[in-house]
$ cat input.csv   # CSV, C-alpha atoms
chain,number,residue,atom,x,y,z
A,7,MET,CA,-1.4,-12.1,9.8
A,8,GLY,CA,-4.4,-14.2,10.6
A,9,GLY,CA,-2.3,-16.9,12.3
A,10,ALA,CA,-0.8,-14.7,14.9
A,11,THR,CA,-0.6,-16.2,18.4
A,12,PRO,CA,-2.1,-14.3,21.4
A,13,MET,CA,1.4,-13.3,22.6
A,14,GLU,CA,2.3,-12.0,19.1
A,15,ALA,CA,-1.0,-10.0,19.0
A,16,LEU,CA,-0.3,-8.6,22.5
A,17,SER,CA,3.3,-7.6,21.5
A,18,ARG,CA,1.8,-5.2,18.9
A,19,PHE,CA,0.5,-3.0,21.7
A,20,ALA,CA,2.6,-0.6,23.9
A,21,VAL,CA,2.3,2.5,26.0
A,22,ASP,CA,4.3,5.8,26.1
A,23,THR,CA,4.6,6.0,29.9
A,24,PRO,CA,4.6,2.4,31.4
A,25,LEU,CA,5.2,3.7,35.0
A,26,VAL,CA,1.7,5.2,35.1
A,27,LEU,CA,0.3,1.7,34.9
A,28,TRP,CA,1.5,1.0,38.4
A,29,LEU,CA,-1.5,3.1,39.5
A,30,LEU,CA,-3.9,0.5,38.1
A,31,PRO,CA,-4.6,-1.1,41.5
A,32,LEU,CA,-6.4,2.1,42.4
A,33,ALA,CA,-9.2,0.9,40.1
A,34,LEU,CA,-10.1,-1.6,42.9
A,35,LEU,CA,-11.1,1.2,45.3
A,36,PRO,CA,-14.8,1.3,44.3
A,37,PHE,CA,-15.1,-2.3,45.6
A,38,ARG,CA,-13.8,-1.2,49.0
A,39,ALA,CA,-15.6,2.1,49.5
A,40,SER,CA,-18.8,3.7,48.0
A,41,ALA,CA,-19.3,7.3,46.9
A,42,GLN,CA,-23.0,7.1,47.4
A,43,ARG,CA,-24.8,8.8,50.4
A,44,VAL,CA,-25.0,6.6,53.5
A,45,VAL,CA,-28.0,7.0,55.8
A,46,PRO,CA,-28.9,5.2,59.1
A,47,VAL,CA,-31.8,2.7,59.2
A,48,ALA,CA,-33.3,0.7,62.0
A,49,ALA,CA,-32.7,-2.8,60.4
A,50,LEU,CA,-32.5,-4.5,57.0
A,51,ASP,CA,-33.3,-8.0,58.1
A,52,ALA,CA,-37.0,-7.2,58.4
A,53,GLY,CA,-37.3,-6.1,54.8
A,54,PRO,CA,-37.6,-8.3,51.8
A,55,ALA,CA,-34.6,-9.2,49.6
A,56,ASP,CA,-33.8,-6.5,47.0
A,57,PRO,CA,-31.8,-8.0,44.1
A,58,LEU,CA,-32.3,-4.9,42.0
A,59,SER,CA,-30.6,-2.7,44.5
A,60,ARG,CA,-27.7,-5.2,44.8
A,61,ALA,CA,-27.3,-5.2,41.0
A,62,ILE,CA,-27.3,-1.4,40.9
A,63,GLY,CA,-24.7,-1.3,43.6
A,64,TRP,CA,-22.5,-3.7,41.7
A,65,ALA,CA,-23.0,-1.8,38.5
A,66,LEU,CA,-21.9,1.4,40.2
A,67,ARG,CA,-18.8,-0.3,41.6
A,68,ILE,CA,-17.9,-1.6,38.2
A,69,ALA,CA,-18.5,1.8,36.6
A,70,GLY,CA,-16.2,3.4,39.2
A,71,SER,CA,-13.5,0.8,38.6
A,72,LEU,CA,-13.7,1.3,34.8
A,73,ALA,CA,-13.6,5.0,35.1
A,74,LEU,CA,-10.4,4.9,37.2
A,75,ALA,CA,-8.8,2.2,35.0
A,76,GLY,CA,-9.6,4.1,31.8
A,77,LEU,CA,-8.2,7.3,33.1
A,78,ILE,CA,-4.9,5.6,34.2
A,79,VAL,CA,-4.5,3.7,30.9
A,80,GLY,CA,-5.3,6.8,28.9
A,81,ILE,CA,-2.7,8.9,30.7
A,82,ALA,CA,-0.2,6.1,30.1
A,83,GLY,CA,-0.6,6.7,26.3
A,84,PRO,CA,-1.5,3.3,24.8
A,85,TYR,CA,-0.9,2.7,21.0
A,86,ARG,CA,-0.7,-0.1,18.5
A,87,ARG,CA,2.8,-0.4,16.9
A,88,GLY,CA,3.4,0.3,13.2
A,89,GLU,CA,4.0,-2.8,11.2
A,90,THR,CA,4.7,-4.1,7.7
A,91,VAL,CA,2.0,-6.4,6.3
A,92,THR,CA,2.6,-8.6,3.3
A,93,ARG,CA,-0.4,-9.2,1.1
A,94,THR,CA,-1.1,-10.6,-2.4
A,95,GLY,CA,-2.7,-8.6,-5.2
A,96,ILE,CA,-2.9,-8.8,-9.0
A,97,GLY,CA,-0.2,-7.2,-11.0
A,98,ALA,CA,3.4,-7.6,-12.2
A,99,GLN,CA,6.9,-6.2,-12.1
A,100,VAL,CA,7.3,-4.2,-15.3
A,101,SER,CA,10.7,-2.9,-16.4
A,102,ILE,CA,10.1,-0.2,-19.1
A,103,LEU,CA,13.0,0.5,-21.5
A,104,VAL,CA,12.4,3.7,-23.5
A,105,ASP,CA,14.3,4.5,-26.7
A,106,ARG,CA,15.6,8.1,-26.6
A,107,SER,CA,17.4,8.1,-30.0
A,108,GLY,CA,17.1,11.0,-32.3
A,109,SER,CA,14.4,9.3,-34.4
A,110,MET,CA,12.0,9.3,-31.5
A,111,ASN,CA,11.8,13.0,-31.7
A,112,GLU,CA,10.0,12.6,-35.1
A,113,THR,CA,6.3,12.0,-35.6
A,114,PHE,CA,4.9,8.7,-36.9
A,115,ALA,CA,4.9,10.3,-40.3
A,116,GLY,CA,8.7,10.7,-40.1
A,117,ARG,CA,8.9,14.5,-39.8
A,118,GLN,CA,9.4,17.0,-37.0
A,119,PRO,CA,6.2,17.7,-35.0
A,120,SER,CA,4.3,20.8,-35.7
A,121,GLY,CA,1.0,22.2,-34.3
A,122,ALA,CA,-1.0,19.5,-32.7
A,123,GLU,CA,1.2,16.7,-33.9
A,124,GLU,CA,3.0,14.5,-31.3
A,125,SER,CA,6.4,13.0,-31.6
A,126,LYS,CA,6.8,9.3,-31.0
A,127,ALA,CA,8.5,10.1,-27.7
A,128,ALA,CA,5.7,12.4,-26.5
A,129,ALA,CA,3.0,10.0,-27.4
A,130,SER,CA,4.8,7.1,-25.7
A,131,ARG,CA,5.3,9.2,-22.5
A,132,ARG,CA,1.7,10.2,-22.4
A,133,LEU,CA,0.3,6.7,-22.9
A,134,LEU,CA,2.9,5.0,-20.6
A,135,GLY,CA,1.8,7.6,-17.9
A,136,ASP,CA,-1.8,6.3,-18.2
A,137,PHE,CA,-0.6,2.7,-18.1
A,138,VAL,CA,1.3,3.3,-14.8
A,139,GLY,CA,-1.2,3.3,-11.9
A,140,SER,CA,-4.0,1.6,-13.7
A,141,ARG,CA,-3.6,-1.3,-11.2
A,142,ALA,CA,-2.7,-0.6,-7.6
A,143,HIS,CA,-0.1,-3.3,-7.1
A,144,ASP,CA,2.0,-3.1,-10.2
A,145,GLN,CA,5.7,-2.3,-9.7
A,146,PHE,CA,7.7,-0.4,-12.3
A,147,ALA,CA,11.2,0.5,-13.2
A,148,VAL,CA,12.1,3.0,-16.0
A,149,THR,CA,15.3,3.0,-18.1
A,150,ALA,CA,16.1,5.3,-21.0
A,151,PHE,CA,18.7,4.5,-23.6
A,152,SER,CA,20.4,6.0,-26.7
A,153,THR,CA,24.2,5.9,-26.9
A,154,ALA,CA,24.3,4.8,-23.2
A,155,PRO,CA,21.5,3.6,-20.8
A,156,MET,CA,20.3,5.8,-18.0
A,157,LEU,CA,18.3,4.5,-15.0
A,158,VAL,CA,15.4,6.9,-14.5
A,159,VAL,CA,13.7,5.2,-11.5
A,160,PRO,CA,14.4,1.7,-10.0
A,161,MET,CA,11.7,-0.9,-9.4
A,162,THR,CA,9.0,0.7,-7.1
A,163,ASP,CA,5.3,0.6,-6.4
A,164,ARG,CA,5.3,4.5,-6.0
A,165,HIS,CA,3.3,5.1,-9.1
A,166,GLU,CA,3.4,8.9,-8.9
A,167,ALA,CA,7.2,8.8,-8.9
A,168,VAL,CA,7.2,6.5,-11.9
A,169,ARG,CA,4.8,8.8,-13.8
A,170,ALA,CA,7.0,11.8,-12.9
A,171,ALA,CA,10.1,9.8,-14.2
A,172,ILE,CA,8.4,9.1,-17.5
A,173,ARG,CA,7.4,12.7,-17.9
A,174,ALA,CA,11.0,13.7,-17.2
A,175,ILE,CA,12.3,11.7,-20.3
A,176,ASP,CA,11.8,14.8,-22.6
A,177,ARG,CA,15.3,15.7,-23.5
A,178,PRO,CA,16.3,15.4,-27.2
A,179,GLY,CA,17.9,12.0,-27.8
A,180,LEU,CA,21.1,11.1,-29.7
A,181,ASP,CA,21.4,9.4,-33.1
A,182,TYR,CA,22.9,6.1,-31.9
A,183,THR,CA,20.8,3.4,-30.4
A,184,ASN,CA,22.6,1.0,-28.0
A,185,VAL,CA,19.8,-1.4,-27.1
A,186,ALA,CA,22.1,-4.1,-25.7
A,187,ARG,CA,23.3,-2.0,-22.7
A,188,GLY,CA,19.7,-0.7,-22.2
A,189,LEU,CA,18.4,-4.3,-22.0
A,190,ALA,CA,21.1,-5.3,-19.5
A,191,MET,CA,20.2,-2.4,-17.2
A,192,SER,CA,16.5,-3.1,-17.5
A,193,LEU,CA,17.0,-6.8,-16.6
A,194,SER,CA,19.0,-5.8,-13.5
A,195,GLN,CA,16.0,-4.0,-12.1
A,196,PHE,CA,14.0,-7.1,-11.3
A,197,GLY,CA,13.9,-8.2,-7.7
A,198,ALA,CA,14.9,-11.6,-6.1
A,199,GLN,CA,11.4,-13.1,-5.8
A,200,GLY,CA,12.1,-15.6,-8.5
A,201,GLY,CA,9.1,-17.5,-10.0
A,202,THR,CA,6.6,-16.1,-7.5
A,203,VAL,CA,6.2,-12.8,-9.4
A,204,SER,CA,5.2,-12.1,-13.0
A,205,ARG,CA,8.0,-10.1,-14.7
A,206,ALA,CA,7.6,-8.2,-17.9
A,207,LEU,CA,10.2,-6.2,-19.8
A,208,LEU,CA,8.5,-3.6,-22.1
A,209,ILE,CA,10.7,-2.1,-24.8
A,210,VAL,CA,9.4,1.1,-26.4
A,211,SER,CA,11.5,1.8,-29.5
A,212,ASP,CA,11.3,2.6,-33.2
A,213,GLY,CA,14.0,0.1,-34.0
A,214,ALA,CA,17.2,0.8,-35.9
A,215,ALA,CA,19.2,-1.1,-33.3
A,216,VAL,CA,21.9,-3.7,-33.8
A,217,ILE,CA,23.1,-5.9,-30.9
A,218,ASP,CA,26.8,-6.7,-31.1
A,219,PRO,CA,27.2,-10.5,-31.4
A,220,ARG,CA,29.9,-10.3,-28.7
A,221,VAL,CA,27.2,-9.3,-26.0
A,222,GLN,CA,24.4,-11.5,-27.3
A,223,GLY,CA,25.6,-14.5,-25.3
A,224,THR,CA,25.6,-12.4,-22.1
A,225,LEU,CA,22.1,-11.2,-22.8
A,226,ARG,CA,20.9,-14.7,-23.5
A,227,ALA,CA,22.2,-15.9,-20.1
A,228,GLU,CA,20.5,-13.0,-18.3
A,229,PHE,CA,17.1,-13.7,-20.0
A,230,ALA,CA,17.4,-17.4,-19.2
A,231,LYS,CA,18.0,-16.6,-15.5
A,232,ILE,CA,15.2,-14.0,-15.1
A,233,ARG,CA,12.8,-15.3,-17.8
A,234,PRO,CA,10.7,-12.2,-18.1
A,235,ASN,CA,7.8,-11.8,-20.5
A,236,LEU,CA,9.3,-9.7,-23.2
A,237,TYR,CA,7.2,-7.1,-25.1
A,238,TRP,CA,8.5,-4.9,-27.9
A,239,LEU,CA,6.3,-1.9,-28.7
A,240,PHE,CA,7.7,-1.1,-32.1
A,241,LEU,CA,6.8,2.6,-33.0
A,242,ARG,CA,6.9,2.2,-36.7
A,243,THR,CA,7.2,5.2,-39.0
A,244,LYS,CA,4.5,5.1,-41.7
A,245,GLY,CA,5.9,3.6,-44.9
A,246,SER,CA,8.9,2.0,-43.3
A,247,PRO,CA,9.4,-1.8,-43.4
A,248,SER,CA,7.7,-4.0,-41.0
A,249,ILE,CA,9.7,-6.2,-38.6
A,250,ALA,CA,8.4,-9.2,-40.6
A,251,ASP,CA,9.6,-7.9,-44.0
A,252,LYS,CA,12.6,-9.6,-45.5
A,253,PRO,CA,14.8,-7.2,-47.4
A,254,ALA,CA,15.1,-7.7,-51.2
A,255,GLY,CA,18.9,-7.4,-51.0
A,256,GLU,CA,21.3,-8.5,-48.3
A,257,ASP,CA,19.6,-9.8,-45.2
A,258,THR,CA,22.0,-8.5,-42.5
A,259,PRO,CA,21.4,-6.7,-39.1
A,260,GLN,CA,22.8,-3.6,-40.7
A,261,ALA,CA,20.4,-3.7,-43.6
A,262,ALA,CA,17.3,-4.7,-41.7
A,263,PRO,CA,18.0,-4.0,-38.0
A,264,GLU,CA,14.3,-4.2,-36.8
A,265,ARG,CA,13.9,-7.6,-38.5
A,266,HIS,CA,17.1,-9.0,-36.9
A,267,LEU,CA,16.3,-7.5,-33.5
A,268,ASP,CA,12.9,-9.3,-33.7
A,269,LEU,CA,14.7,-12.6,-34.6
A,270,PHE,CA,17.1,-12.2,-31.7
A,271,PHE,CA,14.2,-11.7,-29.3
A,272,LYS,CA,12.5,-14.8,-30.7
A,273,SER,CA,15.6,-16.8,-30.1
A,274,LEU,CA,15.9,-16.0,-26.4
A,275,GLY,CA,13.5,-18.8,-25.3
A,276,THR,CA,11.5,-16.4,-23.2
A,277,PRO,CA,7.8,-15.5,-23.8
A,278,TYR,CA,7.9,-12.7,-26.4
A,279,ARG,CA,5.4,-10.6,-28.3
A,280,ALA,CA,5.9,-7.7,-30.6
A,281,PHE,CA,3.4,-4.9,-31.3
A,282,GLU,CA,3.7,-2.7,-34.3
A,283,ALA,CA,2.1,0.7,-33.8
A,284,GLU,CA,1.9,3.4,-36.5
A,285,GLY,CA,0.1,6.0,-34.4
A,286,PRO,CA,-0.9,6.9,-30.8
A,287,GLU,CA,-4.2,4.9,-31.1
A,288,ALA,CA,-2.2,1.8,-32.0
A,289,VAL,CA,0.2,2.4,-29.1
A,290,ALA,CA,-2.7,2.7,-26.6
A,291,ALA,CA,-4.3,-0.5,-28.0
A,292,ALA,CA,-1.0,-2.4,-27.6
A,293,ILE,CA,-0.6,-1.1,-24.0
A,294,ARG,CA,-4.1,-2.3,-23.1
A,295,GLN,CA,-3.2,-5.8,-24.5
A,296,ILE,CA,0.0,-5.9,-22.4
A,297,GLU,CA,-2.0,-4.9,-19.3
A,298,ALA,CA,-4.5,-7.6,-19.9
A,299,LEU,CA,-1.8,-10.3,-20.3
A,300,GLU,CA,0.0,-9.4,-17.1
A,301,ARG,CA,-2.6,-10.4,-14.5
A,302,ASP,CA,-0.8,-12.8,-12.1
A,303,PRO,CA,-0.7,-12.7,-8.3
A,304,ILE,CA,2.0,-10.5,-6.9
A,305,PRO,CA,3.0,-10.0,-3.2
A,306,TYR,CA,3.2,-6.5,-1.9
A,307,THR,CA,3.9,-4.9,1.4
A,308,GLU,CA,1.6,-2.5,3.2
A,309,GLN,CA,3.0,-0.1,5.8
A,310,ARG,CA,0.7,0.3,8.8
A,311,PRO,CA,1.5,3.4,10.8
A,312,ARG,CA,1.4,3.6,14.6
A,313,ARG,CA,-2.2,4.0,15.9
A,314,ASP,CA,-3.0,5.9,19.0
A,315,LEU,CA,-5.5,4.1,21.3
A,316,SER,CA,-5.7,6.5,24.2
A,317,TRP,CA,-9.1,7.6,22.9
A,318,VAL,CA,-10.5,4.1,23.6
A,319,ALA,CA,-9.3,4.2,27.2
A,320,PHE,CA,-10.7,7.7,27.7
A,321,GLY,CA,-14.0,6.6,26.1
A,322,VAL,CA,-14.3,3.8,28.7
A,323,ALA,CA,-13.5,6.2,31.5
A,324,LEU,CA,-16.2,8.6,30.2
A,325,LEU,CA,-18.7,5.8,30.1
A,326,GLY,CA,-18.0,4.8,33.7
A,327,LEU,CA,-18.2,8.5,34.8
A,328,LEU,CA,-21.5,9.0,33.1
A,329,VAL,CA,-22.9,5.9,34.9
A,330,LEU,CA,-21.6,7.3,38.2
A,331,VAL,CA,-23.1,10.7,37.6
A,332,ALA,CA,-26.5,9.1,36.7
A,333,GLY,CA,-26.4,7.1,39.9
A,334,LYS,CA,-25.5,10.2,41.9
A,335,LEU,CA,-28.4,12.2,40.4
A,336,ALA,CA,-30.8,9.3,41.1
A,337,GLU,CA,-30.0,9.2,44.8
A,338,ALA,CA,-33.0,9.4,47.2
A,339,ASP,CA,-32.8,11.2,50.6
A,340,VAL,CA,-34.6,8.8,52.9
A,341,ARG,CA,-34.7,11.4,55.7
A,342,ARG,CA,-36.9,13.8,53.6
A,343,GLY,CA,-39.7,11.2,53.6
A,344,ARG,CA,-39.5,11.1,57.4
A,345,ARG,CA,-40.3,14.7,58.4
A,346,GLY,CA,-42.8,13.7,61.1
A,347,ILE,CA,-40.3,11.3,62.9
A,348,PRO,CA,-37.8,12.8,65.3
A,349,GLN,CA,-34.2,11.9,64.4
A,350,ALA,CA,-33.6,10.6,67.9
A,351,ALA,CA,-36.2,7.8,67.2
A,352,GLU,CA,-34.1,6.5,64.3
A,353,ALA,CA,-32.2,3.4,65.4
A,354,PRO,CA,-28.6,3.6,64.2
A,355,SER,CA,-28.3,-0.1,64.1
A,356,GLU,CA,-27.5,-0.3,60.4
A,357,ARG,CA,-26.5,2.1,57.6
A,358,ILE,CA,-27.2,1.7,54.0
A,359,ALA,CA,-26.4,3.7,50.8
A,360,ALA,CA,-29.6,5.2,49.5
$ encode --input "input.csv" --output "structure tokens"
Amino acid sequence: MGGATPMEALSRFAVDTPLVLWLLPLALLPFRASAQRVVPVAALDAGPADPLSRAIGWALRIAGSLALAGLIVGIAGPYRRGETVTRTGIGAQVSILVDRSGSMNETFAGRQPSGAEESKAAASRRLLGDFVGSRAHDQFAVTAFSTAPMLVVPMTDRHEAVRAAIRAIDRPGLDYTNVARGLAMSLSQFGAQGGTVSRALLIVSDGAAVIDPRVQGTLRAEFAKIRPNLYWLFLRTKGSPSIADKPAGEDTPQAAPERHLDLFFKSLGTPYRAFEAEGPEAVAAAIRQIEALERDPIPYTEQRPRRDLSWVAFGVALLGLLVLVAGKLAEADVRRGRRGIPQAAEAPSERIAA
């Protein structure tokens, strides 16, 4: 933007009616003829030099030229073209994957909400809505999953649309949690900027998900290619096992799905962090930590609309006209100061503009 050549800068300007600009030579008329009153005098050679009068004369000619040029350019309709400007801000591309299984409709205490209680789904929607838009240049995608994934909104910097999409995830979920297909869809939302953009995949889930060993290899390849920072916001029901707890009996994905999902995430080779939250306050604290961690430069585009510039041209014309009007009002009638001299005695050898 700052390195634009003069020709590139000039190409950003245009007019609605270019044919009107053919009238611009008329702006030279004030240098050929004067609109000031002309009176006859005997001779100018006998008088002293008057640089002030010459300066005023030139100022009036320039003002007349500017007035004509400004009116012509203003009628032509000048404007600056709209453009797309790429800038750099602080933020990240965040793909949010929200669990919509049936257990998300329960509270953190493991029961159906009543009164002022919030379900885990309602609390996550409210707090994620506050997270979106806290920084101007973050980009978000939202995917919901239960039995099958559903793309709610693709990657965008339109934060109001993202908040609306999060609020729209209020339908009762199903019992089955297919996190593998949800992860695949969330990963597909990242753009093609490569390593120039900080990427984060945020999973909001209460666990109970098992990834089929047959698709684990595909997911590993996708994570290795995109390498997002992976965050799991584990909405833990009070009294349920932690993701770090090893079961007393058989240690299988079916017996301890949250533990084995955590182990799978740790094996991906991508930056990973899990947050266990047993209430809305813990969810809010985890989201604040994630926001603080994702503070890398991110390029973003800024759309500049077309800008009308006719007011500048008409302003220049008005300034020139005001100078001409002031000069006209300041004219002096030389003949009024010569009431005792007959007009016949005036030698018409030279004529000046008074």
$ closest_residue --input "input.csv" --among "A:Val104, A:Val203, A:Leu315, A:Ala230" --to "Arg131 of chain A" --atoms "only C-alpha atoms"
A:Val104
$ residues_near_point --input "input.csv" --point "(9.5, 0.8, -32.7)" --cutoff "9 Å" --atoms "all atoms listed in the file" --output "ChimeraX atom specification"
/A:105,110,209-214,238-243,264,281-284
$ atom_distance --input "input.csv" --atom1 "atom CA of Ile217 of chain A" --atom2 "atom CA of Ser130 of chain A"
23.0 Å
$ residues_around --input "input.csv" --residues "segment 37-39 of chain A" --least-positions-apart "2" --cutoff "6 Å" --atoms "only C-alpha atoms" --output "list in words"
Leu34, Leu35 and Arg67 of chain A
$ closest_residue --input "input.csv" --among "A:Ser192, A:Thr11, A:Ser246, A:Gln99" --to "Arg141 of chain A" --atoms "all atoms listed in the file"
A:Gln99
$ residues_around --input "input.csv" --residues "Glu287 of chain A" --least-positions-apart "5" --cutoff "10 Å" --atoms "only C-alpha atoms" --output "CSV table (one decimal) with C-alpha atoms, in the frame of the given file"
chain,number,residue,atom,x,y,z
A,129,ALA,CA,3.0,10.0,-27.4
A,133,LEU,CA,0.3,6.7,-22.9
A,292,ALA,CA,-1.0,-2.4,-27.6
A,293,ILE,CA,-0.6,-1.1,-24.0
$ closest_residue --input "input.csv" --among "A:Ser101, A:Ser140, A:Thr183, A:Gln145" --to "Val158 of chain A" --atoms "all atoms listed in the file"
A:Ser101
$ closest_residue --input "input.csv" --among "A:Arg106, A:Arg87, A:Arg294, A:Arg205" --to "Asp144 of chain A" --atoms "all atoms listed in the file"
A:Arg205
$ residues_around --input "input.csv" --residues "Val159 of chain A" --least-positions-apart "4" --cutoff "9 Å" --atoms "only C-alpha atoms" --output "list in words"
Phe146, Ala147, Val148, Thr149, Ala167, Val168, Ala171 and Ile172 of chain A
$ closest_residue --input "input.csv" --among "A:Asp56, A:Leu72, A:Leu134, A:Ala115" --to "Gly321 of chain A" --atoms "all atoms listed in the file"
A:Leu72
$ decode --input "input.csv" --residues "segment 157-213 of chain A" --atoms "C-alpha atoms" --output "PDB file, in the first residue's frame"
ATOM      1  CA  LEU A 157     -21.230 -27.212   9.240  1.00  0.00           C
ATOM      2  CA  VAL A 158     -22.956 -24.241  10.894  1.00  0.00           C
ATOM      3  CA  VAL A 159     -20.802 -21.441   9.459  1.00  0.00           C
ATOM      4  CA  PRO A 160     -17.539 -21.645   7.418  1.00  0.00           C
ATOM      5  CA  MET A 161     -14.391 -19.699   8.292  1.00  0.00           C
ATOM      6  CA  THR A 162     -15.244 -15.998   8.348  1.00  0.00           C
ATOM      7  CA  ASP A 163     -14.368 -12.731  10.071  1.00  0.00           C
ATOM      8  CA  ARG A 164     -18.061 -11.723  10.259  1.00  0.00           C
ATOM      9  CA  HIS A 165     -18.345 -12.072  14.005  1.00  0.00           C
ATOM     10  CA  GLU A 166     -22.038 -11.255  14.249  1.00  0.00           C
ATOM     11  CA  ALA A 167     -22.791 -14.110  11.852  1.00  0.00           C
ATOM     12  CA  VAL A 168     -20.642 -16.457  13.950  1.00  0.00           C
ATOM     13  CA  ARG A 169     -22.426 -15.435  17.170  1.00  0.00           C
ATOM     14  CA  ALA A 170     -25.770 -16.000  15.466  1.00  0.00           C
ATOM     15  CA  ALA A 171     -24.583 -19.439  14.333  1.00  0.00           C
ATOM     16  CA  ILE A 172     -23.545 -20.358  17.877  1.00  0.00           C
ATOM     17  CA  ARG A 173     -26.915 -19.214  19.235  1.00  0.00           C
ATOM     18  CA  ALA A 174     -28.619 -21.366  16.588  1.00  0.00           C
ATOM     19  CA  ILE A 175     -27.108 -24.571  18.014  1.00  0.00           C
ATOM     20  CA  ASP A 176     -30.007 -25.025  20.415  1.00  0.00           C
ATOM     21  CA  ARG A 177     -31.726 -28.127  19.055  1.00  0.00           C
ATOM     22  CA  PRO A 178     -31.726 -31.243  21.283  1.00  0.00           C
ATOM     23  CA  GLY A 179     -28.819 -33.500  20.417  1.00  0.00           C
ATOM     24  CA  LEU A 180     -28.696 -37.240  19.831  1.00  0.00           C
ATOM     25  CA  ASP A 181     -27.200 -39.898  22.072  1.00  0.00           C
ATOM     26  CA  TYR A 182     -24.334 -40.962  19.819  1.00  0.00           C
ATOM     27  CA  THR A 183     -21.120 -38.899  19.584  1.00  0.00           C
ATOM     28  CA  ASN A 184     -19.177 -39.288  16.334  1.00  0.00           C
ATOM     29  CA  VAL A 185     -16.221 -37.035  17.090  1.00  0.00           C
ATOM     30  CA  ALA A 186     -14.060 -38.415  14.235  1.00  0.00           C
ATOM     31  CA  ARG A 187     -16.300 -37.020  11.475  1.00  0.00           C
ATOM     32  CA  GLY A 188     -16.664 -33.776  13.415  1.00  0.00           C
ATOM     33  CA  LEU A 189     -12.868 -33.397  13.617  1.00  0.00           C
ATOM     34  CA  ALA A 190     -12.506 -34.037   9.891  1.00  0.00           C
ATOM     35  CA  MET A 191     -15.048 -31.359   9.013  1.00  0.00           C
ATOM     36  CA  SER A 192     -13.519 -28.844  11.440  1.00  0.00           C
ATOM     37  CA  LEU A 193     -10.052 -29.373   9.970  1.00  0.00           C
ATOM     38  CA  SER A 194     -11.394 -28.777   6.473  1.00  0.00           C
ATOM     39  CA  GLN A 195     -12.423 -25.219   7.419  1.00  0.00           C
ATOM     40  CA  PHE A 196      -8.878 -23.873   7.627  1.00  0.00           C
ATOM     41  CA  GLY A 197      -7.692 -21.765   4.706  1.00  0.00           C
ATOM     42  CA  ALA A 198      -4.603 -22.123   2.546  1.00  0.00           C
ATOM     43  CA  GLN A 199      -2.329 -19.532   4.207  1.00  0.00           C
ATOM     44  CA  GLY A 200      -0.114 -22.278   5.614  1.00  0.00           C
ATOM     45  CA  GLY A 201       2.307 -21.317   8.368  1.00  0.00           C
ATOM     46  CA  THR A 202       1.598 -17.590   8.115  1.00  0.00           C
ATOM     47  CA  VAL A 203      -1.577 -17.847  10.234  1.00  0.00           C
ATOM     48  CA  SER A 204      -2.093 -19.154  13.751  1.00  0.00           C
ATOM     49  CA  ARG A 205      -4.676 -21.958  13.596  1.00  0.00           C
ATOM     50  CA  ALA A 206      -6.602 -23.325  16.534  1.00  0.00           C
ATOM     51  CA  LEU A 207      -9.125 -26.141  16.749  1.00  0.00           C
ATOM     52  CA  LEU A 208     -11.339 -25.807  19.833  1.00  0.00           C
ATOM     53  CA  ILE A 209     -13.412 -28.853  20.813  1.00  0.00           C
ATOM     54  CA  VAL A 210     -16.254 -28.236  23.258  1.00  0.00           C
ATOM     55  CA  SER A 211     -17.470 -31.616  24.443  1.00  0.00           C
ATOM     56  CA  ASP A 212     -18.355 -33.614  27.544  1.00  0.00           C
ATOM     57  CA  GLY A 213     -16.496 -36.669  26.248  1.00  0.00           C
TER      58      GLY A 213
END
